[in-house]
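Next up, my_file_39.pdb (PDB, C-alpha atoms and all ligand atoms):
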```
ATOM      1  CA  MET A   1       0.000   0.000   0.000
ATOM      2  CA  ASN A   2       1.298   3.454  -0.798
ATOM      3  CA  GLN A   3      -0.119   6.957  -1.006
ATOM      4  CA  ARG A   4      -1.243   6.270  -4.595
ATOM      5  CA  SER A   5      -3.515   3.503  -3.342
ATOM      6  CA  THR A   6      -7.248   3.962  -3.333
ATOM      7  CA  VAL A   7      -9.381   3.122  -0.324
ATOM      8  CA  ALA A   8     -13.136   2.817  -0.108
ATOM      9  CA  VAL A   9     -15.287   3.280   2.982
ATOM     10  CA  LEU A  10     -18.774   1.767   2.898
ATOM     11  CA  GLY A  11     -21.318   3.496   5.133
ATOM     12  CA  ALA A  12     -21.037   7.261   5.702
ATOM     13  CA  GLY A  13     -22.388   7.351   9.245
ATOM     14  CA  THR A  14     -20.530   8.158  12.450
ATOM     15  CA  MET A  15     -17.731   5.652  11.917
ATOM     16  CA  GLY A  16     -17.574   5.678   8.111
ATOM     17  CA  SER A  17     -17.175   9.457   7.947
ATOM     18  CA  GLY A  18     -14.604   9.336  10.771
ATOM     19  CA  ILE A  19     -12.608   6.609   9.041
ATOM     20  CA  ALA A  20     -12.841   8.449   5.697
ATOM     21  CA  THR A  21     -11.410  11.529   7.465
ATOM     22  CA  VAL A  22      -8.449   9.470   8.683
ATOM     23  CA  MET A  23      -7.804   8.001   5.210
ATOM     24  CA  SER A  24      -8.032  11.270   3.273
ATOM     25  CA  ARG A  25      -5.910  13.065   5.887
ATOM     26  CA  ALA A  26      -3.235  10.387   5.383
ATOM     27  CA  GLY A  27      -3.219  11.150   1.643
ATOM     28  CA  TYR A  28      -5.200   8.215   0.262
ATOM     29  CA  ARG A  29      -7.733   8.747  -2.491
ATOM     30  CA  THR A  30     -10.845   7.901  -0.474
ATOM     31  CA  LEU A  31     -14.157   6.808  -1.951
ATOM     32  CA  LEU A  32     -17.031   7.142   0.520
ATOM     33  CA  TYR A  33     -20.177   5.174  -0.330
ATOM     34  CA  ASP A  34     -23.599   4.983   1.322
ATOM     35  CA  VAL A  35     -26.915   3.550   0.112
ATOM     36  CA  ASP A  36     -28.669   6.558   1.590
ATOM     37  CA  GLU A  37     -27.797   9.741  -0.323
ATOM     38  CA  THR A  38     -28.775  12.021   2.565
ATOM     39  CA  ASN A  39     -26.375  10.153   4.840
ATOM     40  CA  LEU A  40     -23.695  10.282   2.167
ATOM     41  CA  ARG A  41     -24.044  14.064   1.828
ATOM     42  CA  ARG A  42     -23.906  14.466   5.604
ATOM     43  CA  GLY A  43     -20.864  12.192   5.805
ATOM     44  CA  VAL A  44     -18.971  14.187   3.162
ATOM     45  CA  ALA A  45     -19.957  17.453   4.894
ATOM     46  CA  THR A  46     -18.763  16.035   8.216
ATOM     47  CA  VAL A  47     -15.344  15.178   6.789
ATOM     48  CA  ASN A  48     -14.946  18.581   5.128
ATOM     49  CA  GLY A  49     -16.215  20.331   8.273
ATOM     50  CA  PHE A  50     -13.647  18.489  10.355
ATOM     51  CA  PHE A  51     -10.812  19.792   8.160
ATOM     52  CA  ASP A  52     -12.208  23.348   8.230
ATOM     53  CA  ARG A  53     -12.415  23.313  12.027
ATOM     54  CA  SER A  54      -8.920  21.853  12.260
ATOM     55  CA  VAL A  55      -7.650  24.861  10.258
ATOM     56  CA  ASN A  56      -9.595  27.290  12.467
ATOM     57  CA  LEU A  57      -8.129  25.664  15.569
ATOM     58  CA  GLY A  58      -4.598  25.915  14.140
ATOM     59  CA  LYS A  59      -4.190  22.111  14.066
ATOM     60  CA  LEU A  60      -3.873  21.870  10.271
ATOM     61  CA  ASP A  61      -2.627  24.335   7.672
ATOM     62  CA  GLN A  62      -4.876  25.435   4.832
ATOM     63  CA  GLU A  63      -2.790  23.706   2.173
ATOM     64  CA  HIS A  64      -3.044  20.309   3.872
ATOM     65  CA  ALA A  65      -6.748  20.773   4.503
ATOM     66  CA  LEU A  66      -7.372  21.472   0.798
ATOM     67  CA  GLU A  67      -5.210  18.506  -0.155
ATOM     68  CA  ALA A  68      -7.104  16.197   2.237
ATOM     69  CA  LYS A  69     -10.485  17.451   1.019
ATOM     70  CA  SER A  70      -9.472  16.874  -2.598
ATOM     71  CA  LYS A  71      -8.816  13.194  -1.780
ATOM     72  CA  LEU A  72     -12.394  12.513  -0.692
ATOM     73  CA  VAL A  73     -14.982  11.483  -3.276
ATOM     74  CA  GLY A  74     -18.559  10.571  -2.359
ATOM     75  CA  VAL A  75     -19.951   7.800  -4.568
ATOM     76  CA  THR A  76     -23.524   6.606  -4.946
ATOM     77  CA  GLU A  77     -22.929   3.304  -6.774
ATOM     78  CA  LEU A  78     -20.965   0.427  -5.266
ATOM     79  CA  ARG A  79     -19.358  -0.419  -8.633
ATOM     80  CA  GLU A  80     -17.542   2.945  -8.496
ATOM     81  CA  ILE A  81     -15.167   1.482  -5.886
ATOM     82  CA  ALA A  82     -13.851  -1.203  -8.297
ATOM     83  CA  ASP A  83     -10.223  -0.012  -8.166
ATOM     84  CA  ALA A  84     -10.015   0.128  -4.343
ATOM     85  CA  ASP A  85      -6.998  -1.553  -2.743
ATOM     86  CA  VAL A  86      -8.559  -1.464   0.723
ATOM     87  CA  VAL A  87     -12.284  -1.515   1.476
ATOM     88  CA  VAL A  88     -13.538  -0.726   4.985
ATOM     89  CA  GLU A  89     -17.134  -1.646   5.701
ATOM     90  CA  ALA A  90     -18.834   0.481   8.359
ATOM     91  CA  VAL A  91     -22.505  -0.204   7.606
ATOM     92  CA  PHE A  92     -25.190  -1.044  10.184
ATOM     93  CA  GLU A  93     -24.285  -3.705  12.754
ATOM     94  CA  ASN A  94     -26.235  -6.471  11.047
ATOM     95  CA  LEU A  95     -24.654  -9.813  10.136
ATOM     96  CA  SER A  96     -26.723 -10.624   7.054
ATOM     97  CA  LEU A  97     -26.299  -7.074   5.707
ATOM     98  CA  LYS A  98     -22.519  -7.222   6.128
ATOM     99  CA  LYS A  99     -22.312 -10.734   4.608
ATOM    100  CA  GLU A 100     -24.380  -9.668   1.597
ATOM    101  CA  LEU A 101     -22.160  -6.636   1.119
ATOM    102  CA  LEU A 102     -19.029  -8.792   1.182
ATOM    103  CA  ALA A 103     -20.577 -11.152  -1.384
ATOM    104  CA  ARG A 104     -21.205  -8.148  -3.651
ATOM    105  CA  LEU A 105     -17.628  -6.974  -3.164
ATOM    106  CA  ASP A 106     -16.395 -10.317  -4.538
ATOM    107  CA  GLU A 107     -17.927  -9.301  -7.866
ATOM    108  CA  ILE A 108     -16.544  -5.768  -7.822
ATOM    109  CA  VAL A 109     -13.060  -5.434  -6.296
ATOM    110  CA  SER A 110      -9.850  -7.333  -7.044
ATOM    111  CA  THR A 111      -9.144 -10.491  -5.018
ATOM    112  CA  SER A 112      -5.938  -8.840  -3.794
ATOM    113  CA  ALA A 113      -7.895  -5.985  -2.172
ATOM    114  CA  LEU A 114      -8.051  -6.053   1.614
ATOM    115  CA  ILE A 115     -11.539  -6.086   3.095
ATOM    116  CA  HIS A 116     -11.788  -4.597   6.574
ATOM    117  CA  THR A 117     -14.838  -4.826   8.794
ATOM    118  CA  ASN A 118     -15.399  -2.287  11.554
ATOM    119  CA  THR A 119     -17.883  -4.444  13.436
ATOM    120  CA  SER A 120     -18.163  -3.901  17.206
ATOM    121  CA  THR A 121     -19.834  -7.129  18.279
ATOM    122  CA  LEU A 122     -20.227  -9.503  15.342
ATOM    123  CA  SER A 123     -17.829 -12.300  14.539
ATOM    124  CA  VAL A 124     -15.217 -11.437  11.902
ATOM    125  CA  THR A 125     -15.314 -15.090  10.824
ATOM    126  CA  GLY A 126     -19.104 -14.896  10.459
ATOM    127  CA  ILE A 127     -18.918 -11.722   8.354
ATOM    128  CA  ALA A 128     -16.054 -13.146   6.255
ATOM    129  CA  SER A 129     -18.176 -16.211   5.471
ATOM    130  CA  GLY A 130     -20.180 -13.965   3.141
ATOM    131  CA  SER A 131     -17.137 -13.738   0.869
ATOM    132  CA  ARG A 132     -15.605 -16.383  -1.368
ATOM    133  CA  HIS A 133     -12.246 -14.910  -0.296
ATOM    134  CA  PRO A 134     -12.334 -14.873   3.518
ATOM    135  CA  GLU A 135      -8.522 -14.926   3.528
ATOM    136  CA  ARG A 136      -8.423 -11.173   2.821
ATOM    137  CA  VAL A 137     -11.068 -10.197   5.403
ATOM    138  CA  VAL A 138      -9.756  -8.631   8.628
ATOM    139  CA  GLY A 139     -11.536  -7.005  11.578
ATOM    140  CA  THR A 140     -10.359  -3.424  12.186
ATOM    141  CA  HIS A 141     -12.242  -1.883  15.082
ATOM    142  CA  TYR A 142     -11.653   1.874  15.162
ATOM    143  CA  CYS A 143     -12.372   3.819  18.328
ATOM    144  CA  ASN A 144     -14.846   6.654  18.111
ATOM    145  CA  PRO A 145     -14.165   9.480  17.179
ATOM    146  CA  ALA A 146     -11.877   7.830  14.633
ATOM    147  CA  PRO A 147      -9.973  10.991  13.583
ATOM    148  CA  LEU A 148      -8.996  11.699  17.193
ATOM    149  CA  MET A 149      -8.495   8.257  18.721
ATOM    150  CA  LYS A 150      -5.269   6.505  17.757
ATOM    151  CA  LEU A 151      -6.150   2.959  18.700
ATOM    152  CA  VAL A 152      -7.467   0.342  16.266
ATOM    153  CA  GLU A 153      -8.098  -3.251  17.344
ATOM    154  CA  VAL A 154      -7.154  -5.842  14.736
ATOM    155  CA  ALA A 155      -8.902  -9.208  14.810
ATOM    156  CA  HIS A 156      -8.509 -11.953  12.262
ATOM    157  CA  GLY A 157     -11.104 -14.506  11.411
ATOM    158  CA  ARG A 158     -10.453 -18.243  11.204
ATOM    159  CA  HIS A 159      -9.549 -17.984   7.520
ATOM    160  CA  THR A 160      -7.702 -14.671   7.472
ATOM    161  CA  ALA A 161      -4.331 -15.118   5.756
ATOM    162  CA  ASP A 162      -1.095 -13.984   7.378
ATOM    163  CA  TRP A 163      -0.359 -11.681   4.414
ATOM    164  CA  ALA A 164      -3.707  -9.910   4.920
ATOM    165  CA  HIS A 165      -3.085  -9.488   8.633
ATOM    166  CA  LYS A 166       0.399  -8.061   8.056
ATOM    167  CA  ALA A 167      -0.737  -5.777   5.234
ATOM    168  CA  THR A 168      -3.529  -4.513   7.503
ATOM    169  CA  VAL A 169      -1.165  -3.631  10.337
ATOM    170  CA  ASP A 170       1.166  -1.872   7.863
ATOM    171  CA  PHE A 171      -1.741   0.028   6.380
ATOM    172  CA  LEU A 172      -2.989   1.166   9.815
ATOM    173  CA  ASP A 173       0.553   2.204  10.610
ATOM    174  CA  SER A 174       0.559   4.413   7.492
ATOM    175  CA  LEU A 175      -2.573   6.104   8.897
ATOM    176  CA  GLY A 176      -0.713   6.938  12.100
ATOM    177  CA  LYS A 177      -2.776   4.448  14.101
ATOM    178  CA  THR A 178      -1.638   2.292  17.005
ATOM    179  CA  THR A 179      -2.797  -1.289  16.657
ATOM    180  CA  VAL A 180      -3.542  -3.953  19.205
ATOM    181  CA  VAL A 181      -4.193  -7.498  18.106
ATOM    182  CA  THR A 182      -7.194  -9.166  19.684
ATOM    183  CA  LYS A 183      -9.113 -12.416  19.307
ATOM    184  CA  ASP A 184     -12.272 -12.610  17.230
ATOM    185  CA  ARG A 185     -14.490 -12.524  20.332
ATOM    186  CA  PRO A 186     -17.578 -10.403  21.200
ATOM    187  CA  GLY A 187     -16.551  -6.839  22.002
ATOM    188  CA  PHE A 188     -12.847  -7.501  21.365
ATOM    189  CA  ILE A 189     -10.858  -5.832  24.179
ATOM    190  CA  VAL A 190     -12.134  -2.251  24.288
ATOM    191  CA  ASN A 191     -15.885  -2.854  24.433
ATOM    192  CA  ARG A 192     -15.474  -5.577  27.055
ATOM    193  CA  PHE A 193     -14.298  -2.801  29.384
ATOM    194  CA  LEU A 194     -16.046   0.233  27.945
ATOM    195  CA  ILE A 195     -19.640  -1.012  27.748
ATOM    196  CA  PRO A 196     -20.011  -2.148  31.404
ATOM    197  CA  TRP A 197     -18.305   1.064  32.535
ATOM    198  CA  GLU A 198     -20.612   3.290  30.453
ATOM    199  CA  ASN A 199     -23.591   1.324  31.780
ATOM    200  CA  ARG A 200     -22.449   2.020  35.339
ATOM    201  CA  CYS A 201     -22.087   5.738  34.596
ATOM    202  CA  ILE A 202     -25.640   5.836  33.189
ATOM    203  CA  ALA A 203     -26.943   3.888  36.195
ATOM    204  CA  ALA A 204     -25.148   6.348  38.518
ATOM    205  CA  LEU A 205     -26.858   9.243  36.735
ATOM    206  CA  GLU A 206     -30.209   7.491  36.929
ATOM    207  CA  SER A 207     -29.792   6.900  40.670
ATOM    208  CA  GLY A 208     -28.994  10.594  41.238
ATOM    209  CA  LEU A 209     -25.380  10.104  42.283
ATOM    210  CA  GLY A 210     -24.394  13.058  40.115
ATOM    211  CA  THR A 211     -25.472  15.109  37.113
ATOM    212  CA  VAL A 212     -24.373  14.639  33.517
ATOM    213  CA  GLU A 213     -21.941  17.511  33.974
ATOM    214  CA  SER A 214     -20.582  16.462  37.378
ATOM    215  CA  ILE A 215     -19.993  12.837  36.373
ATOM    216  CA  ASP A 216     -18.247  13.944  33.156
ATOM    217  CA  ALA A 217     -16.143  16.424  35.140
ATOM    218  CA  ALA A 218     -15.214  13.773  37.721
ATOM    219  CA  VAL A 219     -14.126  11.311  35.049
ATOM    220  CA  THR A 220     -12.064  13.790  33.014
ATOM    221  CA  GLY A 221     -10.626  15.486  36.099
ATOM    222  CA  ALA A 222      -9.732  12.449  38.160
ATOM    223  CA  LEU A 223      -9.398   9.518  35.793
ATOM    224  CA  GLY A 224      -7.577  11.352  33.022
ATOM    225  CA  HIS A 225     -10.063  10.417  30.282
ATOM    226  CA  PRO A 226     -10.061  12.859  27.329
ATOM    227  CA  MET A 227     -13.847  13.174  27.606
ATOM    228  CA  GLY A 228     -16.551  12.150  30.034
ATOM    229  CA  PRO A 229     -18.853   9.136  29.541
ATOM    230  CA  PHE A 230     -21.839  11.243  28.492
ATOM    231  CA  GLN A 231     -19.836  13.304  26.017
ATOM    232  CA  LEU A 232     -18.591  10.029  24.549
ATOM    233  CA  LEU A 233     -22.036   8.389  24.523
ATOM    234  CA  ASP A 234     -23.433  11.392  22.646
ATOM    235  CA  ILE A 235     -20.757  10.889  19.984
ATOM    236  CA  VAL A 236     -21.211   7.117  19.850
ATOM    237  CA  GLY A 237     -25.010   7.424  19.628
ATOM    238  CA  LEU A 238     -27.420   6.035  22.232
ATOM    239  CA  ASP A 239     -28.939   3.696  19.630
ATOM    240  CA  ILE A 240     -25.496   2.275  18.874
ATOM    241  CA  HIS A 241     -24.708   1.917  22.585
ATOM    242  CA  GLN A 242     -28.006   0.088  23.100
ATOM    243  CA  GLN A 243     -27.333  -2.279  20.175
ATOM    244  CA  VAL A 244     -23.745  -3.007  21.174
ATOM    245  CA  ALA A 245     -24.575  -3.489  24.863
ATOM    246  CA  THR A 246     -27.556  -5.725  24.120
ATOM    247  CA  ARG A 247     -25.587  -7.839  21.643
ATOM    248  CA  LEU A 248     -22.760  -8.282  24.148
ATOM    249  CA  TYR A 249     -25.267  -9.249  26.840
ATOM    250  CA  GLU A 250     -26.873 -11.788  24.499
ATOM    251  CA  GLN A 251     -23.512 -13.363  23.759
ATOM    252  CA  LEU A 252     -21.787 -13.101  27.142
ATOM    253  CA  ARG A 253     -24.809 -13.342  29.463
ATOM    254  CA  ALA A 254     -23.324 -11.125  32.190
ATOM    255  CA  PRO A 255     -25.750  -8.451  33.561
ATOM    256  CA  ARG A 256     -23.068  -5.758  33.463
ATOM    257  CA  TYR A 257     -23.411  -5.594  29.668
ATOM    258  CA  PHE A 258     -27.166  -4.940  29.708
ATOM    259  CA  PRO A 259     -28.061  -1.263  29.082
ATOM    260  CA  PRO A 260     -29.829   0.553  31.972
ATOM    261  CA  PRO A 261     -33.510   1.523  31.412
ATOM    262  CA  MET A 262     -32.633   5.174  30.708
ATOM    263  CA  VAL A 263     -31.041   4.104  27.410
ATOM    264  CA  GLU A 264     -34.279   2.646  26.098
ATOM    265  CA  ARG A 265     -36.216   5.794  27.031
ATOM    266  CA  MET A 266     -33.672   8.064  25.324
ATOM    267  CA  VAL A 267     -33.689   5.946  22.162
ATOM    268  CA  ALA A 268     -37.505   5.894  22.125
ATOM    269  CA  ALA A 269     -37.507   9.704  22.426
ATOM    270  CA  GLY A 270     -35.023  10.042  19.555
ATOM    271  CA  ASP A 271     -32.429  11.605  21.861
ATOM    272  CA  LEU A 272     -29.562   9.717  20.264
ATOM    273  CA  GLY A 273     -26.771  12.226  20.841
ATOM    274  CA  ARG A 274     -24.979  14.551  18.457
ATOM    275  CA  LYS A 275     -26.510  13.064  15.351
ATOM    276  CA  THR A 276     -30.035  14.120  16.401
ATOM    277  CA  GLY A 277     -28.973  17.324  18.159
ATOM    278  CA  ARG A 278     -29.889  16.010  21.613
ATOM    279  CA  GLY A 279     -28.639  13.245  23.872
ATOM    280  CA  PHE A 280     -27.289  13.843  27.346
ATOM    281  CA  TYR A 281     -26.381  17.323  26.068
ATOM    282  CA  THR A 282     -27.986  19.483  23.367
ATOM    283  CA  TYR A 283     -26.162  20.566  20.193
ATOM    284  CA  ASP A 284     -26.680  23.428  17.759
ATOM    285  CA  ASP A 285     -25.353  21.408  14.873
ATOM    286  CA  THR A 286     -25.536  17.687  14.227
ATOM    287  CA  ARG A 287     -21.963  17.092  13.090
ATOM    288  CA  LEU A 288     -20.937  13.578  13.916
ATOM    289  CA  PHE A 289     -17.678  14.339  15.710
ATOM    290  CA  GLY A 290     -15.610  17.349  16.786
ATOM    291  CA  SER A 291     -12.080  18.541  15.961
TER     292      SER A 291
HETATM  293  N1  LIG B 301     -20.627   4.292  16.759
HETATM  294  C1  LIG B 301     -19.547   3.772  17.349
HETATM  295  O1  LIG B 301     -19.049   4.282  18.367
HETATM  296  C2  LIG B 301     -18.831   2.576  16.746
HETATM  297  C3  LIG B 301     -17.509   2.328  17.139
HETATM  298  C4  LIG B 301     -16.813   1.285  16.533
HETATM  299  C5  LIG B 301     -17.453   0.483  15.610
HETATM  300  N2  LIG B 301     -18.753   0.730  15.252
HETATM  301  C6  LIG B 301     -19.352  -0.119  14.220
HETATM  302  O2  LIG B 301     -19.250   0.585  12.987
HETATM  303  C7  LIG B 301     -20.353   0.231  12.142
HETATM  304  C8  LIG B 301     -21.109   1.495  11.753
HETATM  305  O3  LIG B 301     -21.556   2.127  12.925
HETATM  306  P1  LIG B 301     -21.976   3.670  12.920
HETATM  307  O4  LIG B 301     -22.049   4.089  14.324
HETATM  308  O5  LIG B 301     -21.135   4.452  11.958
HETATM  309  O6  LIG B 301     -23.480   3.541  12.302
HETATM  310  P2  LIG B 301     -24.369   4.674  11.631
HETATM  311  O7  LIG B 301     -25.787   4.242  11.823
HETATM  312  O8  LIG B 301     -23.952   6.035  12.069
HETATM  313  O9  LIG B 301     -23.989   4.568  10.059
HETATM  314  C9  LIG B 301     -24.204   3.426   9.278
HETATM  315  C10 LIG B 301     -24.346   3.874   7.821
HETATM  316  O10 LIG B 301     -24.376   2.710   6.981
HETATM  317  C11 LIG B 301     -25.231   3.001   5.896
HETATM  318  N3  LIG B 301     -25.611   1.756   5.250
HETATM  319  C12 LIG B 301     -26.520   0.829   5.657
HETATM  320  N4  LIG B 301     -26.538  -0.212   4.780
HETATM  321  C13 LIG B 301     -25.624   0.078   3.816
HETATM  322  C14 LIG B 301     -25.156  -0.602   2.654
HETATM  323  N5  LIG B 301     -25.665  -1.795   2.284
HETATM  324  N6  LIG B 301     -24.207  -0.024   1.909
HETATM  325  C15 LIG B 301     -23.697   1.193   2.250
HETATM  326  N7  LIG B 301     -24.104   1.888   3.333
HETATM  327  C16 LIG B 301     -25.043   1.327   4.105
HETATM  328  C17 LIG B 301     -26.374   3.767   6.532
HETATM  329  O11 LIG B 301     -27.114   4.487   5.562
HETATM  330  C18 LIG B 301     -25.633   4.657   7.529
HETATM  331  O12 LIG B 301     -25.304   5.924   6.960
HETATM  332  C19 LIG B 301     -21.189  -0.778  12.932
HETATM  333  O13 LIG B 301     -20.779  -2.075  12.583
HETATM  334  C20 LIG B 301     -20.820  -0.452  14.376
HETATM  335  O14 LIG B 301     -21.016  -1.540  15.250
HETATM  336  C21 LIG B 301     -19.450   1.771  15.792
END
```
Would you mind writing the file's structure down as structure tokens?
Amino acid sequence: MNQRSTVAVLGAGTMGSGIATVMSRAGYRTLLYDVDETNLRRGVATVNGFFDRSVNLGKLDQEHALEAKSKLVGVTELREIADADVVVEAVFENLSLKKELLARLDEIVSTSALIHTNTSTLSVTGIASGSRHPERVVGTHYCNPAPLMKLVEVAHGRHTADWAHKATVDFLDSLGKTTVVTKDRPGFIVNRFLIPWENRCIAALESGLGTVESIDAAVTGALGHPMGPFQLLDIVGLDIHQQVATRLYEQLRAPRYFPPPMVERMVAAGDLGRKTGRGFYTYDDTRLFGS
């Protein structure tokens, strides 16, 4: 893989637009695809907005921002990604959807292309079984917000080839990411710790131990986290937290994974976080992640 390589990101939601930001910032020609054109437009606007804010904050110079923006192309047909060397799928967390997408990719991209799945809770082996070439399918679990968080968990499925694993680690390295290798198990490493902890923070709020602001302040001030649990949950999306937590509970059967009742009420009310303008906090704009 080199800077002339083309990457494709499938799904322009929270993670897809974050991952596309990382790829275009690293100099790769980045094709961003979504079945939903409204989501695609929002994803492209989110990436471009991130670069604009980075310039305003003095974190990126104008020249590099223009260069990064020029690398991003939104596409509305899957066949437009035919020349991709790396494809990252970040569509809804649904096994049959991801398997079907991988089967379609078999007909579109070269067999030497790497296929990365950003699943949080599904089995990489299960997703790879949708492809006739499971040897080039690798789990790459980015942390949210992807442009700001350095860590990516790498998990290989039962049939992932060594060359694909090595090429994946090298590729993530070229993005400036730190990788940790983990087993293909529910939640990998990060969500095994993060989900029960977030659930406890929500339960603490629900029991009146503190407010949204005081719990966030306690966590950032004392535990050294870059943001509080409720700031993070608003970025992740309450719907996504509910899905991930429930899926982990279903697979691991430990009560600590089960989302507290407040999550269901917030999801039912449409208070999903930044993407709907209201979660634990309220937002003037619905950008998917900050600078
Ligand atoms: N949100 C997080 O914090 C987080 C963190 C790590 C991993 N993940 C995983 O990343 C994946 C995406 O999560 P998200 O939070 O970005 O979801 P999201 O709901 O924000 O975005 C998903 C996008 O996929 C699109 N999509 C659905 N079917 C498609 C298809 N067939 N082809 C192309 N696009 C399609 C949707 O239109 C939507 O825009 C999931 O597997 C999730 O588990 C999420």
Need to verify the contact set: A:Ala26, 8 Å, only C-alpha atoms, exclusion of same-chain residues closer than 5 positions in sequence. Can you return it as an mmCIF file with C-alpha atoms, in the coordinates of the input?
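Written file, result_5.cif:
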```cif
data_model
loop_
_atom_site.group_PDB
_atom_site.id
_atom_site.type_symbol
_atom_site.label_atom_id
_atom_site.label_comp_id
_atom_site.auth_asym_id
_atom_site.auth_seq_id
_atom_site.Cartn_x
_atom_site.Cartn_y
_atom_site.Cartn_z
ATOM 1 C CA GLN A 3 -0.119 6.957 -1.006
ATOM 2 C CA ALA A 68 -7.104 16.197 2.237
ATOM 3 C CA SER A 174 0.559 4.413 7.492
ATOM 4 C CA LEU A 175 -2.573 6.104 8.897
ATOM 5 C CA GLY A 176 -0.713 6.938 12.100
#
```
Item to check | Expansion of the PyMOL selection byres (((chain A and resi 77) around 9) and not hetatm) into residues, as a PyMOL selection string | outcome: chain A and resi 33-35+75-76+78-81
Item to check | Evaluate the PyMOL selection byres (((chain A and resi 100) around 12) and not hetatm) and report residues as an NGL selection string | outcome: :A and (89 or 91 or 94-99 or 101-107 or 126-132)
Item to check | Nearby residues, ligand LIG 301 (chain B), 6 Å, only C-alpha atoms and all ligand atoms, as a PyMOL selection string | outcome: chain A and resi 10-16+33-36+39+90-93+118-120+141-144+236+240
Write the residues of the preceding selection, restricted to C-alpha atoms, as a PDB file, in the frame of the given file.
```
ATOM      1  CA  LEU A  10     -18.774   1.767   2.898  1.00  0.00           C
ATOM      2  CA  GLY A  11     -21.318   3.496   5.133  1.00  0.00           C
ATOM      3  CA  ALA A  12     -21.037   7.261   5.702  1.00  0.00           C
ATOM      4  CA  GLY A  13     -22.388   7.351   9.245  1.00  0.00           C
ATOM      5  CA  THR A  14     -20.530   8.158  12.450  1.00  0.00           C
ATOM      6  CA  MET A  15     -17.731   5.652  11.917  1.00  0.00           C
ATOM      7  CA  GLY A  16     -17.574   5.678   8.111  1.00  0.00           C
ATOM      8  CA  TYR A  33     -20.177   5.174  -0.330  1.00  0.00           C
ATOM      9  CA  ASP A  34     -23.599   4.983   1.322  1.00  0.00           C
ATOM     10  CA  VAL A  35     -26.915   3.550   0.112  1.00  0.00           C
ATOM     11  CA  ASP A  36     -28.669   6.558   1.590  1.00  0.00           C
ATOM     12  CA  ASN A  39     -26.375  10.153   4.840  1.00  0.00           C
ATOM     13  CA  ALA A  90     -18.834   0.481   8.359  1.00  0.00           C
ATOM     14  CA  VAL A  91     -22.505  -0.204   7.606  1.00  0.00           C
ATOM     15  CA  PHE A  92     -25.190  -1.044  10.184  1.00  0.00           C
ATOM     16  CA  GLU A  93     -24.285  -3.705  12.754  1.00  0.00           C
ATOM     17  CA  ASN A 118     -15.399  -2.287  11.554  1.00  0.00           C
ATOM     18  CA  THR A 119     -17.883  -4.444  13.436  1.00  0.00           C
ATOM     19  CA  SER A 120     -18.163  -3.901  17.206  1.00  0.00           C
ATOM     20  CA  HIS A 141     -12.242  -1.883  15.082  1.00  0.00           C
ATOM     21  CA  TYR A 142     -11.653   1.874  15.162  1.00  0.00           C
ATOM     22  CA  CYS A 143     -12.372   3.819  18.328  1.00  0.00           C
ATOM     23  CA  ASN A 144     -14.846   6.654  18.111  1.00  0.00           C
ATOM     24  CA  VAL A 236     -21.211   7.117  19.850  1.00  0.00           C
ATOM     25  CA  ILE A 240     -25.496   2.275  18.874  1.00  0.00           C
TER      26      ILE A 240
END
```
Next on the checklist: Suppose a student applies the PyMOL selection byres (((chain A and resi 187) around 6) and not hetatm) to this structure; what residues should they get, written as a VMD selection string?
Outcome noted: chain A and resid 120 to 121 186 188 191 to 192
Checklist entry - Out of A:Leu151, A:Val124, A:Ala254, A:Ile235, which residue has the shortest atom-to-atom distance to A:Gly277 when counting only C-alpha atoms? => result A:Ile235
Item to check | Gap from atom CA of A:Asp52 to atom CA of A:Lys69 - Å, one decimal | outcome: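 Computed distance, atom CA of A:Asp52 to atom CA of A:Lys69, equals 9.5 Å.
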Item to check | Between atom CA of A:Val88 and atom CA of A:Phe258, distance in Å (one decimal) | outcome: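 Separation of atom CA of A:Val88 and atom CA of A:Phe258: 28.5 Å.
Rounded to one decimal, atom CA of A:Arg256 and atom CA of A:Lys150 lie 26.7 Å from each other.
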Item to check | Non-local contacts of A:Ala65 (8 Å; all atoms listed in the file; under 2 positions in same chain excluded) as a ChimeraX atom specification | outcome: /A:25,51-52,55,60-63,67-69
Mind listing whatever residues come within 12 Å of the point (-1.7, 5.0, 11.6)? Use all atoms listed in the file, file coordinates, and give them as a compact mmCIF listing (two decimals) with C-alpha atoms, in the coordinates of the input.
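Dumped everything to selection10.txt:
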```txt
# COMPACT_ATOMS: atom_id res chain seq x y z
CA ILE A 19 -12.61 6.61 9.04
CA VAL A 22 -8.45 9.47 8.68
CA MET A 23 -7.80 8.00 5.21
CA ARG A 25 -5.91 13.06 5.89
CA ALA A 26 -3.24 10.39 5.38
CA GLY A 27 -3.22 11.15 1.64
CA TYR A 142 -11.65 1.87 15.16
CA ALA A 146 -11.88 7.83 14.63
CA PRO A 147 -9.97 10.99 13.58
CA LEU A 148 -9.00 11.70 17.19
CA MET A 149 -8.49 8.26 18.72
CA LYS A 150 -5.27 6.50 17.76
CA LEU A 151 -6.15 2.96 18.70
CA VAL A 152 -7.47 0.34 16.27
CA GLU A 153 -8.10 -3.25 17.34
CA THR A 168 -3.53 -4.51 7.50
CA VAL A 169 -1.16 -3.63 10.34
CA ASP A 170 1.17 -1.87 7.86
CA PHE A 171 -1.74 0.03 6.38
CA LEU A 172 -2.99 1.17 9.82
CA ASP A 173 0.55 2.20 10.61
CA SER A 174 0.56 4.41 7.49
CA LEU A 175 -2.57 6.10 8.90
CA GLY A 176 -0.71 6.94 12.10
CA LYS A 177 -2.78 4.45 14.10
CA THR A 178 -1.64 2.29 17.00
CA THR A 179 -2.80 -1.29 16.66
CA VAL A 180 -3.54 -3.95 19.20
```
Item to check | Option closest in space to A:Val73, from A:His116, A:Arg41, A:Arg247, A:Arg185 [counting all atoms listed in the file] | outcome: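 Between A:His116, A:Arg41, A:Arg247, A:Arg185, the residue approaching A:Val73 most closely is A:Arg41.
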